Structures are given as C-alpha cells and as structure tokens.
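Enquirer: The following file, coords-v2.csv, comprises CSV, C-alpha atoms:
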chain,number,residue,atom,x,y,z
A,1487,MET,CA,0.0,0.0,0.0
A,1488,THR,CA,1.2,3.5,-0.8
A,1489,ASP,CA,2.2,5.8,2.1
A,1490,ALA,CA,0.0,8.5,0.6
A,1491,ALA,CA,-3.7,9.4,0.9
A,1492,LEU,CA,-6.1,11.7,-0.8
A,1493,VAL,CA,-8.7,13.2,1.6
A,1494,LEU,CA,-12.1,14.4,0.3
A,1495,PHE,CA,-12.0,17.7,2.0
A,1496,SER,CA,-15.0,20.1,2.3
A,1497,ALA,CA,-13.7,22.1,5.3
A,1498,GLY,CA,-16.6,20.8,7.4
A,1499,GLN,CA,-16.3,19.2,10.8
A,1500,ASP,CA,-16.2,15.6,9.5
A,1501,SER,CA,-13.7,16.1,6.7
A,1502,ALA,CA,-11.4,18.2,8.9
A,1503,THR,CA,-11.4,15.4,11.4
A,1504,CYS,CA,-10.6,13.0,8.6
A,1505,LEU,CA,-7.8,15.2,7.4
A,1506,ALA,CA,-6.2,15.1,10.9
A,1507,TRP,CA,-6.7,11.3,11.0
A,1508,ALA,CA,-4.9,10.9,7.7
A,1509,LEU,CA,-2.1,13.2,8.7
A,1510,GLN,CA,-1.5,11.0,11.7
A,1511,ARG,CA,-1.2,7.9,9.5
A,1512,TYR,CA,0.2,8.7,6.1
A,1513,ALA,CA,3.6,10.2,5.1
A,1514,ARG,CA,1.9,12.3,2.3
A,1515,VAL,CA,-1.6,13.7,2.4
A,1516,GLU,CA,-3.3,15.6,-0.4
A,1517,THR,CA,-6.8,17.1,-0.4
A,1518,ILE,CA,-9.5,17.4,-3.0
A,1519,GLY,CA,-12.7,19.5,-2.9
A,1520,PHE,CA,-15.6,20.0,-5.2
A,1521,PHE,CA,-17.6,22.9,-6.5
A,1522,TYR,CA,-20.9,21.2,-7.4
A,1523,GLY,CA,-23.1,24.3,-7.6
A,1524,GLN,CA,-23.8,24.4,-3.9
A,1525,ARG,CA,-25.7,27.5,-2.8
A,1526,HIS,CA,-23.2,28.7,-0.3
A,1527,ALA,CA,-19.5,29.0,-1.1
A,1528,ILE,CA,-18.5,29.4,2.6
A,1529,GLU,CA,-17.1,25.9,2.9
A,1530,LEU,CA,-14.9,26.5,-0.2
A,1531,GLU,CA,-13.7,29.8,1.3
A,1532,GLN,CA,-12.7,28.0,4.6
A,1533,ARG,CA,-10.6,25.3,3.0
A,1534,GLU,CA,-7.3,27.0,2.9
A,1535,THR,CA,-7.8,28.5,6.4
A,1536,VAL,CA,-8.4,25.0,7.9
A,1537,ARG,CA,-5.5,23.5,6.0
A,1538,ARG,CA,-3.2,26.3,7.1
A,1539,CYS,CA,-4.3,26.2,10.7
A,1540,MET,CA,-4.0,22.4,10.9
A,1541,ALA,CA,-0.5,22.5,9.5
A,1542,ALA,CA,0.4,25.0,12.2
A,1543,LEU,CA,-0.8,22.6,15.0
A,1544,ASN,CA,1.9,20.0,14.4
A,1545,PRO,CA,5.2,20.2,12.5
A,1546,ASP,CA,4.9,16.6,11.4
A,1547,TRP,CA,1.4,17.3,9.9
A,1548,ALA,CA,2.8,20.4,8.2
A,1549,ALA,CA,5.6,18.3,6.6
A,1550,ARG,CA,3.0,15.7,5.4
A,1551,LEU,CA,0.4,18.0,4.0
A,1552,GLY,CA,0.6,18.1,0.3
A,1553,PRO,CA,-1.3,20.0,-2.5
A,1554,ASP,CA,-5.0,20.8,-2.6
A,1555,ILE,CA,-7.3,20.9,-5.7
A,1556,VAL,CA,-10.9,22.0,-6.1
A,1557,VAL,CA,-12.7,20.5,-9.1
A,1558,ASP,CA,-15.6,22.2,-10.8
A,1559,ILE,CA,-18.5,19.8,-11.3
A,1560,SER,CA,-21.2,22.4,-11.2
A,1561,GLY,CA,-22.9,20.7,-14.3
A,1562,TYR,CA,-23.5,17.7,-12.2
A,1563,GLY,CA,-24.9,19.8,-9.4
A,1564,ALA,CA,-27.4,21.3,-11.8
A,1565,LEU,CA,-28.6,17.8,-12.8
A,1566,ALA,CA,-28.8,16.6,-9.2
A,1567,GLU,CA,-30.9,19.5,-8.0
A,1568,SER,CA,-31.5,19.6,-4.2
A,1569,ALA,CA,-31.9,22.0,-1.4
A,1570,LEU,CA,-28.2,22.3,-1.3
A,1571,THR,CA,-27.9,23.4,-4.9
A,1572,ALA,CA,-31.2,25.3,-5.5
A,1573,ASP,CA,-33.5,27.6,-3.6
A,1574,ARG,CA,-35.7,24.8,-2.0
A,1575,ALA,CA,-37.0,24.3,1.5
A,1576,ILE,CA,-35.1,21.8,3.6
A,1577,GLU,CA,-37.7,19.2,4.4
A,1578,MET,CA,-38.6,15.5,3.9
A,1579,ALA,CA,-39.4,14.6,0.3
A,1580,GLU,CA,-41.9,12.0,-0.9
A,1581,SER,CA,-39.0,9.6,-1.4
A,1582,GLY,CA,-38.5,9.5,2.4
A,1583,LEU,CA,-35.1,11.3,2.0
A,1584,PRO,CA,-34.5,15.0,3.0
A,1585,THR,CA,-34.4,17.5,0.2
A,1586,THR,CA,-30.7,18.1,1.0
A,1587,PHE,CA,-29.9,14.7,-0.6
A,1588,VAL,CA,-27.9,15.3,-3.7
A,1589,PRO,CA,-28.3,12.0,-5.7
A,1590,GLY,CA,-25.1,10.1,-6.1
A,1591,ARG,CA,-23.0,12.9,-4.7
A,1592,ASN,CA,-20.5,10.7,-2.8
A,1593,LEU,CA,-20.3,8.3,-5.8
A,1594,VAL,CA,-19.4,11.2,-8.1
A,1595,PHE,CA,-16.9,12.6,-5.6
A,1596,LEU,CA,-15.2,9.3,-5.1
A,1597,THR,CA,-14.9,8.7,-8.9
A,1598,VAL,CA,-13.4,12.1,-9.5
A,1599,ALA,CA,-11.1,11.7,-6.5
A,1600,ALA,CA,-10.0,8.3,-7.7
A,1601,ALA,CA,-9.0,9.8,-11.1
A,1602,GLN,CA,-6.9,12.5,-9.2
A,1603,ALA,CA,-5.4,9.8,-6.9
A,1604,TYR,CA,-4.5,7.6,-9.9
A,1605,ARG,CA,-2.7,10.6,-11.6
A,1606,ARG,CA,-0.9,11.4,-8.3
A,1607,GLY,CA,0.2,7.8,-7.6
A,1608,ILE,CA,-2.1,7.5,-4.6
A,1609,ASP,CA,-4.2,4.4,-3.8
A,1610,VAL,CA,-6.0,5.5,-0.6
A,1611,LEU,CA,-9.0,7.8,-0.5
A,1612,VAL,CA,-10.3,9.1,2.8
A,1613,GLY,CA,-13.9,10.3,3.2
A,1614,GLY,CA,-16.1,11.4,6.1
A,1615,MET,CA,-19.1,9.3,5.2
A,1616,CYS,CA,-21.0,8.0,8.3
A,1617,GLU,CA,-24.0,5.7,8.7
A,1618,THR,CA,-24.4,6.3,12.4
A,1619,ASP,CA,-25.4,10.0,12.7
A,1620,PHE,CA,-26.5,11.0,9.2
A,1621,SER,CA,-29.6,12.1,7.3
A,1622,GLY,CA,-30.4,8.8,5.7
A,1623,TYR,CA,-28.4,9.4,2.6
A,1624,PRO,CA,-27.9,6.0,0.9
A,1625,ASP,CA,-24.5,6.9,-0.5
A,1626,CYS,CA,-23.1,7.3,3.1
A,1627,ARG,CA,-23.5,3.6,3.9
A,1628,ARG,CA,-20.5,1.4,4.1
A,1629,ASP,CA,-22.2,-1.1,1.8
A,1630,THR,CA,-22.3,1.6,-0.9
A,1631,ILE,CA,-18.7,2.6,-0.2
A,1632,ASP,CA,-17.6,-1.1,-0.5
A,1633,ALA,CA,-19.3,-1.4,-3.8
A,1634,GLN,CA,-17.7,1.8,-5.0
A,1635,GLU,CA,-14.3,0.6,-3.9
A,1636,ARG,CA,-14.6,-2.6,-5.9
A,1637,ALA,CA,-15.9,-0.7,-9.0
A,1638,LEU,CA,-13.0,1.8,-8.8
A,1639,ALA,CA,-10.4,-1.1,-8.5
A,1640,LEU,CA,-12.0,-2.8,-11.6
A,1641,GLY,CA,-12.2,0.4,-13.6
A,1642,LEU,CA,-8.7,1.6,-12.9
A,1643,GLU,CA,-7.1,-1.9,-12.9
A,1644,ARG,CA,-5.4,-0.9,-9.7
A,1645,PRO,CA,-6.4,-1.2,-6.0
A,1646,MET,CA,-8.1,1.9,-4.6
A,1647,LYS,CA,-8.9,1.7,-0.9
A,1648,ILE,CA,-11.6,4.0,0.6
A,1649,GLU,CA,-11.1,4.7,4.3
A,1650,THR,CA,-14.1,6.0,6.2
A,1651,PRO,CA,-12.8,6.6,9.8
A,1652,LEU,CA,-16.1,8.1,10.9
A,1653,MET,CA,-18.4,5.4,9.5
A,1654,HIS,CA,-19.5,3.9,12.8
A,1655,LEU,CA,-19.1,7.0,15.0
A,1656,THR,CA,-21.8,9.2,16.5
A,1657,LYS,CA,-21.3,12.9,16.0
A,1658,GLY,CA,-20.3,13.1,19.7
A,1659,ALA,CA,-17.7,10.4,19.1
A,1660,THR,CA,-16.4,12.4,16.1
A,1661,TRP,CA,-15.7,15.4,18.4
A,1662,GLY,CA,-13.9,12.9,20.7
A,1663,LEU,CA,-11.8,11.6,17.9
A,1664,ALA,CA,-10.7,15.1,17.0
A,1665,TYR,CA,-9.7,15.6,20.6
A,1666,ASP,CA,-7.7,12.3,20.6
A,1667,LEU,CA,-5.9,13.3,17.5
A,1668,GLY,CA,-5.1,16.9,18.3
A,1669,GLY,CA,-6.3,17.8,21.8
A,1670,ASP,CA,-8.1,21.1,22.6
A,1671,ALA,CA,-6.1,22.9,19.8
A,1672,LEU,CA,-7.7,20.7,17.1
A,1673,VAL,CA,-11.2,20.9,18.6
A,1674,ASP,CA,-10.8,24.7,18.8
A,1675,LEU,CA,-9.8,24.8,15.2
A,1676,ILE,CA,-12.8,22.8,14.1
A,1677,VAL,CA,-15.1,25.0,16.2
A,1678,GLU,CA,-13.7,28.2,14.9
A,1679,HIS,CA,-12.9,27.5,11.2
A,1680,THR,CA,-14.9,24.6,9.8
A,1681,HIS,CA,-18.3,25.1,8.3
A,1682,THR,CA,-21.3,22.7,8.3
A,1683,CYS,CA,-24.4,24.9,8.3
A,1684,TYR,CA,-26.7,24.3,5.3
A,1685,GLU,CA,-27.7,28.0,5.3
A,1686,GLY,CA,-24.1,29.2,5.0
A,1687,ASP,CA,-24.4,31.2,8.2
A,1688,ARG,CA,-21.1,32.4,9.7
A,1689,THR,CA,-22.6,35.3,11.7
A,1690,HIS,CA,-24.0,33.3,14.6
A,1691,ARG,CA,-21.4,31.9,16.9
A,1692,HIS,CA,-22.3,28.9,19.2
A,1693,ALA,CA,-20.2,26.8,21.5
A,1694,TRP,CA,-19.8,24.3,18.7
A,1695,GLY,CA,-19.0,26.8,15.9
A,1696,TYR,CA,-20.8,29.0,13.4
A,1697,GLY,CA,-24.2,28.3,11.9
A,1698,CYS,CA,-27.9,29.2,11.9
A,1699,GLY,CA,-28.5,26.8,14.7
A,1700,ALA,CA,-31.7,25.5,13.1
A,1701,CYS,CA,-30.9,23.5,10.0
A,1702,PRO,CA,-30.3,19.7,10.3
A,1703,ALA,CA,-26.6,20.0,9.9
A,1704,CYS,CA,-26.4,22.5,12.8
A,1705,ASP,CA,-28.7,20.5,14.9
A,1706,LEU,CA,-26.6,17.3,14.5
A,1707,ARG,CA,-23.4,19.2,15.2
A,1708,ALA,CA,-24.8,20.8,18.3
A,1709,LYS,CA,-26.2,17.6,19.7
A,1710,GLY,CA,-22.9,15.9,19.1
A,1711,TRP,CA,-21.1,18.7,20.9
A,1712,GLU,CA,-23.4,18.3,23.9
A,1713,ALA,CA,-23.1,14.5,23.9
A,1714,TRP,CA,-19.3,14.7,23.9
A,1715,GLY,CA,-19.2,17.4,26.6
A,1716,ALA,CA,-21.5,15.3,28.8
A,1717,ALA,CA,-19.2,12.2,28.3
A,1718,ARG,CA,-16.0,14.0,29.1
Please render this file's structure as structure tokens.
Expert:
Amino acid sequence: MTDAALVLFSAGQDSATCLAWALQRYARVETIGFFYGQRHAIELEQRETVRRCMAALNPDWAARLGPDIVVDISGYGALAESALTADRAIEMAESGLPTTFVPGRNLVFLTVAAAQAYRRGIDVLVGGMCETDFSGYPDCRRDTIDAQERALALGLERPMKIETPLMHLTKGATWGLAYDLGGDALVDLIVEHTHTCYEGDRTHRHAWGYGCGACPACDLRAKGWEAWGAAR
C-alpha cells in the first residue's frame, strides 16, 4: 500500500477530522474538494484556512500535508438539484429522504477523487461518510462505499482503498476523535474555522461553531457537541 492518501475535504467538521486522522497515519496527504453548484461557497472559502491552521498545529502534519485541488463539477450539481444546490426548502421529500440529498454525490466525488489519486500515484481515498449519525443518505452507507471501492479497482485496474474513519461513530464520538488526534487545539480549530451549516451562516457563533442553529446540519453538530461534553 502506498504511504499517501487523498482526503475528500470540504472544510466541514467531518472532513477536517478525517484530514487530521490521515495526517497522523500517512507520510503524504493531499486534499480534493468540489464545487458542485452548492448555494453557499462558505465551505470552499474556509478550505485554505483550515489547511493552514491544521499544519500550524503540528510540524509533522505540516511536513506531510501536500497539495490541494478544487474540481468544478457544477454541471453535475445542476442535474442533481437539491436544497443544497437550489432555492428549495429543507424538508422531507416524498421519497423519504430529505431535500438536502444530492443524488449520487458521494459516488461522483469518489470517482473524480480516484482519477486524481490515480494521476498522483495514490491508492487510498479518505472520506467522512458516516452511517451512524446521518440524514439517511444511501451513499453514506459502508455497503455503498464497499461497492464503489470494488468498482474503482476494476475500472482503474489498480487497488483503490476507501477509508471511512467516521463510518460507525456518532457525532459526539467524532468530536472525541478530534480531541484524541489533536487535543483542545484541534477541537478549537474545528469549532472556529470549519463550516457545516446548510444555510451558509457564519454570523451566529455557538459553543460548537458558526451556523444558523436550526438546520439539520447545525442540529446534528450541536447535539454531538453536547453529547461529547457530557461524556468527558
């Protein structure tokens, strides 16, 4: 196995934790992000800040952190219209999934990331998918990721491992993992600089970070923060 990994990095809580996890384990870590027509560009704007601050936390991490790339797949986002890419209410749809579900998003992200990894000589992808605390998205399940892993290996004629360190963690446990990886300094970085809010709100500051405090992403992040705090 290569000593390098490519992290799917959105500058949210989960992907920032995954980035720290990868920096602890791999000699070279690169990052990839996607502009898929999301309504709010806040997460894209926070990417370099999170990367820079994370490198400053640990000289070993700084030495291991490699290049970043953002790929424009906005045409896909227009096809896969959702409350994240269009002006629609965040609610449950007739399908039983929330309107924030972007059909096939993780499958597209992983395919594009695998192409970049192939070009860069990397055979490990790291993603923040989780089937414990999530919104019911079918492309977050490990069964889906396993199938994608096999498809990529076949399509590239080369092994392509997909690591999902948060897959079976609650959001509270994800805060705990960040603490285990980087102590209070990493937790503070995630609180202050990562972005999760579906509404793109960085004006309201809470104990767990910035956000509207009402959307499903904020609610999940806040409940995880409270659960981790209660368990400490």
Enquirer: Give me the residues near A:Arg1533 as a list of chain:residue names, where near means some atom within 12 Å (using all atoms listed in the file) and where sequence neighbours in that chain fewer than 4 positions away do not count.
Expert: A:Leu1494, A:Phe1495, A:Ser1496, A:Ala1497, A:Gly1498, A:Gln1499, A:Ser1501, A:Ala1502, A:Leu1505, A:Thr1517, A:Ile1518, A:Gly1519, A:Phe1520, A:Ala1527, A:Ile1528, A:Glu1529, A:Arg1537, A:Arg1538, A:Cys1539, A:Met1540, A:Asp1554, A:Ile1555, A:Val1556, A:Ile1676, A:His1679, A:Thr1680, A:His1681
Enquirer: Please report the interatomic distance between atom CA of A:Leu1672 and atom CA of A:Val1594 in Å with one decimal.
Expert: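 Result for atom CA of A:Leu1672 versus atom CA of A:Val1594: 29.4 Å, one decimal.
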Enquirer: Do a neighbour search on A:Asp1629 at 12 Å with all atoms listed in the file, toss out local chain neighbours closer than 4 positions, and write the hits as a list in words.
Expert: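 So the residues in contact are Met1615, Cys1616, Glu1617, Pro1624, Asp1625, Ala1633, Gln1634, Glu1635, Arg1636, Ile1648, Thr1650 and Met1653 of chain A.
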Enquirer: Would you mind listing, for every residue of stretch 1597-1683 of chain A within 7 Å of stretch 1703-1717 of chain A, the two atoms forming the shortest contact and the distance between them in Å to one decimal, using all atoms listed in the file, sorted by chain and ascending residue number, as a tab-separated table?
Expert:
residue	atom	partner	partner_atom	distance
A:Lys1657	CA	A:Gly1710	CA	4.6
A:Gly1658	CA	A:Gly1710	CA	3.9
A:Ala1659	CA	A:Trp1714	CA	6.6
A:Trp1661	CA	A:Trp1714	CA	6.6
A:Gly1662	CA	A:Trp1714	CA	6.5
A:Thr1682	CA	A:Ala1703	CA	6.2
A:Cys1683	CA	A:Cys1704	CA	5.5
Enquirer: Just give me the gap between atom CA of A:Tyr1665 and atom CA of A:Thr1503 in Å, one decimal is fine.
Expert: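 Spanning atom CA of A:Tyr1665 to atom CA of A:Thr1503 is a straight-line distance of 9.4 Å.
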Enquirer: Atom CA of A:Ala1508 and atom CA of A:Ala1491, how far apart in Å?
Expert: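 If I compute the distance from atom CA of A:Ala1491 to atom CA of A:Ala1508, I get 7.1 Å.
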